[in-house]
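Q: This structure is in structure tokens; I'll ask about it shortly.
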Amino acid sequence: MPKKEKYMSSKLKIHRMVLAAFFLALALILPLLTGQMKQLGNAFCPMHIPVLLCGFFCGPFYAMAVGFVAPLLRFLLFGMPPIMPVGIAMSFELLTYGLVSALLYNRLPSKKSCIYVSLIGSMVAGRVVWGLAETVLYGMGKTQFGFAAFISGAFLNAIPGIILQIVLIPVLVMILRKYTYKE
């Protein structure tokens, strides 16, 4: 590999690492801001937005790491979300968001519509993984986590967050894509 290509590659790695750290910081801070709205704070799914953006801008490895670590680190720093079962299930959900958004976005054509496909695909996959994780974790405590609880937690209670993500994330990706480092 010529020196210039090697330099560009390491420069890109550093760029992605810095962005991933920024998205992790956002995932820790945004819930503090939305938590002030008692009824809607959690419904906005504030940790999801930075993880999804990390998938679009940093690739699967960094997005998975940020997604998995964010709820756990937030619990250690702020005591929220409760680690069991919410924090653990959320870690797997956000890991999936980061992985799927990055993989779909990188493999689909560079069209605006593909941003939506990547986003919605990752949102569905993440919610399914969350439901599976909740089922396993609640089952360990001998408590049922049924289909009604899944629909309520994954979709009905999250409607404001789902709408916010579908409206905000594609716009941010299109705008920020113009100003981010390109290899």
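Chain identifiers are assigned as A, B, and so on, following the order in which chains appear in the structure tokens; residues are numbered from 1 within each chain, and ligands are numbered from 1 in order of appearance.
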Need to verify the contact set: Val167 (chain A), 12 Å, only C-alpha atoms, exclusion of same-chain residues closer than 6 positions in sequence. Can you return it as a list in words?
A: Ile49, Ile115, Tyr116, Leu119, Ile120, Pro160, Gly161, Val173 and Met174 of chain A
Q: Residues of the last selection are to be written out with N, CA, C and O atoms, as a short mmCIF file (atom, residue, chain, number, x, y, z; two decimals), in the first residue's frame.
A:
```cif
data_model
loop_
_atom_site.label_atom_id
_atom_site.label_comp_id
_atom_site.auth_asym_id
_atom_site.auth_seq_id
_atom_site.Cartn_x
_atom_site.Cartn_y
_atom_site.Cartn_z
N ILE A 49 -30.89 7.76 18.65
CA ILE A 49 -30.49 8.67 17.57
C ILE A 49 -28.97 8.69 17.36
O ILE A 49 -28.51 8.48 16.23
N ILE A 115 -31.39 5.65 2.50
CA ILE A 115 -31.20 6.09 3.88
C ILE A 115 -32.41 5.65 4.69
O ILE A 115 -32.28 5.11 5.79
N TYR A 116 -33.60 5.85 4.14
CA TYR A 116 -34.82 5.44 4.83
C TYR A 116 -34.90 3.92 4.97
O TYR A 116 -35.30 3.42 6.02
N LEU A 119 -32.50 2.94 7.69
CA LEU A 119 -33.01 3.38 8.99
C LEU A 119 -34.15 2.49 9.47
O LEU A 119 -34.12 1.96 10.59
N ILE A 120 -35.14 2.30 8.63
CA ILE A 120 -36.31 1.51 9.04
C ILE A 120 -35.93 0.05 9.24
O ILE A 120 -36.38 -0.59 10.20
N PRO A 160 -43.48 8.53 19.54
CA PRO A 160 -42.79 9.83 19.35
C PRO A 160 -41.34 9.66 18.89
O PRO A 160 -40.87 10.39 18.01
N GLY A 161 -40.63 8.69 19.45
CA GLY A 161 -39.25 8.45 19.07
C GLY A 161 -39.12 7.92 17.66
O GLY A 161 -38.22 8.31 16.91
N VAL A 173 -28.33 12.90 8.09
CA VAL A 173 -27.38 12.12 7.27
C VAL A 173 -27.10 12.85 5.96
O VAL A 173 -25.94 12.99 5.56
N MET A 174 -28.14 13.36 5.31
CA MET A 174 -27.94 14.06 4.03
C MET A 174 -27.13 15.34 4.21
O MET A 174 -26.24 15.64 3.41
#
```
Q: Name the residues of region 21-69 of chain A that fall into alpha helix (DSSP H) according to DSSP on the backbone, using the chain letters and numbers of this document, as a VMD selection string.
A: chain A and resid 21 to 34 48 to 58 60 to 69
Q: Any chance you can output those residues with N, CA, C and O atoms as a compact mmCIF listing (two decimals), in the first residue's frame?
A:
```
# COMPACT_ATOMS: atom_id res chain seq x y z
N ALA A 21 -16.76 8.49 19.43
CA ALA A 21 -16.70 9.05 20.78
C ALA A 21 -17.73 10.17 20.95
O ALA A 21 -18.39 10.28 21.99
N PHE A 22 -17.88 10.98 19.91
CA PHE A 22 -18.87 12.05 19.94
C PHE A 22 -20.29 11.47 20.05
O PHE A 22 -21.10 11.93 20.85
N PHE A 23 -20.59 10.45 19.25
CA PHE A 23 -21.91 9.84 19.31
C PHE A 23 -22.16 9.15 20.65
O PHE A 23 -23.28 9.18 21.16
N LEU A 24 -21.14 8.56 21.23
CA LEU A 24 -21.29 7.97 22.57
C LEU A 24 -21.60 9.05 23.59
O LEU A 24 -22.49 8.89 24.43
N ALA A 25 -20.90 10.17 23.51
CA ALA A 25 -21.18 11.28 24.43
C ALA A 25 -22.61 11.78 24.25
O ALA A 25 -23.31 12.05 25.25
N LEU A 26 -23.07 11.89 23.01
CA LEU A 26 -24.46 12.30 22.77
C LEU A 26 -25.45 11.30 23.36
O LEU A 26 -26.48 11.70 23.92
N ALA A 27 -25.14 10.01 23.23
CA ALA A 27 -26.03 8.98 23.78
C ALA A 27 -26.12 9.09 25.30
O ALA A 27 -27.14 8.73 25.89
N LEU A 28 -25.08 9.58 25.93
CA LEU A 28 -25.10 9.74 27.38
C LEU A 28 -25.81 11.03 27.79
O LEU A 28 -26.49 11.07 28.82
N ILE A 29 -25.69 12.07 26.99
CA ILE A 29 -26.21 13.39 27.35
C ILE A 29 -27.66 13.61 26.94
O ILE A 29 -28.44 14.20 27.69
N LEU A 30 -28.06 13.16 25.75
CA LEU A 30 -29.42 13.43 25.27
C LEU A 30 -30.52 12.98 26.24
O LEU A 30 -31.50 13.70 26.42
N PRO A 31 -30.39 11.81 26.88
CA PRO A 31 -31.44 11.42 27.84
C PRO A 31 -31.56 12.40 29.02
O PRO A 31 -32.64 12.52 29.60
N LEU A 32 -30.48 13.07 29.36
CA LEU A 32 -30.56 14.07 30.43
C LEU A 32 -31.44 15.24 30.00
O LEU A 32 -32.16 15.82 30.82
N LEU A 33 -31.37 15.60 28.74
CA LEU A 33 -32.17 16.71 28.22
C LEU A 33 -33.64 16.32 28.06
O LEU A 33 -34.53 17.08 28.45
N THR A 34 -33.90 15.16 27.50
CA THR A 34 -35.29 14.75 27.29
C THR A 34 -35.93 14.24 28.57
O THR A 34 -37.15 14.20 28.67
N HIS A 48 -31.15 6.26 21.01
CA HIS A 48 -31.19 5.60 19.71
C HIS A 48 -30.61 6.47 18.59
O HIS A 48 -29.93 5.98 17.70
N ILE A 49 -30.89 7.76 18.65
CA ILE A 49 -30.49 8.67 17.57
C ILE A 49 -28.97 8.69 17.36
O ILE A 49 -28.51 8.48 16.23
N PRO A 50 -28.15 8.90 18.41
CA PRO A 50 -26.70 8.90 18.17
C PRO A 50 -26.17 7.55 17.69
O PRO A 50 -25.24 7.51 16.88
N VAL A 51 -26.75 6.46 18.17
CA VAL A 51 -26.28 5.14 17.74
C VAL A 51 -26.61 4.91 16.26
O VAL A 51 -25.76 4.42 15.51
N LEU A 52 -27.80 5.29 15.85
CA LEU A 52 -28.15 5.16 14.43
C LEU A 52 -27.24 6.03 13.56
O LEU A 52 -26.74 5.58 12.53
N LEU A 53 -26.99 7.26 14.00
CA LEU A 53 -26.08 8.13 13.25
C LEU A 53 -24.67 7.55 13.21
O LEU A 53 -23.99 7.64 12.18
N CYS A 54 -24.25 6.94 14.29
CA CYS A 54 -22.94 6.30 14.32
C CYS A 54 -22.86 5.20 13.26
O CYS A 54 -21.85 5.06 12.58
N GLY A 55 -23.94 4.46 13.08
CA GLY A 55 -23.97 3.44 12.04
C GLY A 55 -23.81 4.03 10.66
O GLY A 55 -23.09 3.49 9.82
N PHE A 56 -24.43 5.16 10.41
CA PHE A 56 -24.34 5.81 9.10
C PHE A 56 -22.97 6.41 8.84
O PHE A 56 -22.52 6.46 7.70
N PHE A 57 -22.29 6.87 9.88
CA PHE A 57 -21.04 7.61 9.68
C PHE A 57 -19.77 6.88 10.10
O PHE A 57 -18.69 7.24 9.64
N CYS A 58 -19.88 5.87 10.94
CA CYS A 58 -18.66 5.25 11.48
C CYS A 58 -18.49 3.79 11.08
O CYS A 58 -17.42 3.23 11.30
N PRO A 60 -19.93 -0.45 10.93
CA PRO A 60 -20.53 -1.41 11.86
C PRO A 60 -19.75 -1.62 13.16
O PRO A 60 -20.36 -1.74 14.23
N PHE A 61 -18.44 -1.67 13.10
CA PHE A 61 -17.67 -1.95 14.32
C PHE A 61 -17.88 -0.88 15.38
O PHE A 61 -18.23 -1.17 16.53
N TYR A 62 -17.67 0.38 15.01
CA TYR A 62 -17.83 1.47 15.97
C TYR A 62 -19.28 1.61 16.41
O TYR A 62 -19.57 1.87 17.58
N ALA A 63 -20.22 1.45 15.49
CA ALA A 63 -21.63 1.60 15.83
C ALA A 63 -22.08 0.50 16.80
O ALA A 63 -22.84 0.77 17.73
N MET A 64 -21.60 -0.72 16.59
CA MET A 64 -21.93 -1.81 17.52
C MET A 64 -21.36 -1.52 18.90
O MET A 64 -22.04 -1.72 19.91
N ALA A 65 -20.13 -1.06 18.94
CA ALA A 65 -19.49 -0.77 20.22
C ALA A 65 -20.22 0.35 20.96
O ALA A 65 -20.52 0.23 22.15
N VAL A 66 -20.52 1.43 20.25
CA VAL A 66 -21.23 2.56 20.87
C VAL A 66 -22.61 2.10 21.34
O VAL A 66 -23.03 2.40 22.46
N GLY A 67 -23.31 1.35 20.50
CA GLY A 67 -24.65 0.88 20.86
C GLY A 67 -24.65 -0.01 22.08
O GLY A 67 -25.50 0.13 22.97
N PHE A 68 -23.70 -0.92 22.16
CA PHE A 68 -23.68 -1.86 23.29
C PHE A 68 -23.25 -1.17 24.58
O PHE A 68 -23.81 -1.42 25.64
N VAL A 69 -22.27 -0.30 24.48
CA VAL A 69 -21.69 0.32 25.68
C VAL A 69 -22.56 1.45 26.24
O VAL A 69 -22.59 1.65 27.47
```
Q: Once you count only C-alpha atoms, what closest atom pair and distance in Å to one decimal does each residue of region 85-117 of chain A within 10 Å of region 132-138 of chain A have, with rows by chain and rising residue number, as a tab-separated table?
A:
```
residue	atom	partner	partner_atom	distance
A:Pro85	CA	A:Leu137	CA	5.9
A:Val86	CA	A:Glu134	CA	7.6
A:Ile88	CA	A:Ala133	CA	7.9
A:Ala89	CA	A:Ala133	CA	5.1
A:Met90	CA	A:Ala133	CA	8.4
A:Ser91	CA	A:Ala133	CA	9.4
A:Phe92	CA	A:Ala133	CA	7.2
A:Glu93	CA	A:Ala133	CA	8.2
```
Q: Please write the residues from the selection above to a file, keeping C-alpha atoms, as a PDB file, in the first residue's frame.
A:
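File produced: again.pdb:
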```
ATOM      1  CA  PRO A  85     -33.521  -6.155  32.360  1.00  0.00           C
ATOM      2  CA  VAL A  86     -33.863  -2.743  30.647  1.00  0.00           C
ATOM      3  CA  ILE A  88     -29.018  -5.192  29.116  1.00  0.00           C
ATOM      4  CA  ALA A  89     -31.858  -5.549  26.577  1.00  0.00           C
ATOM      5  CA  MET A  90     -31.252  -2.000  25.394  1.00  0.00           C
ATOM      6  CA  SER A  91     -27.555  -2.762  24.867  1.00  0.00           C
ATOM      7  CA  PHE A  92     -28.426  -5.561  22.465  1.00  0.00           C
ATOM      8  CA  GLU A  93     -31.095  -3.426  20.784  1.00  0.00           C
TER       9      GLU A  93
END
```
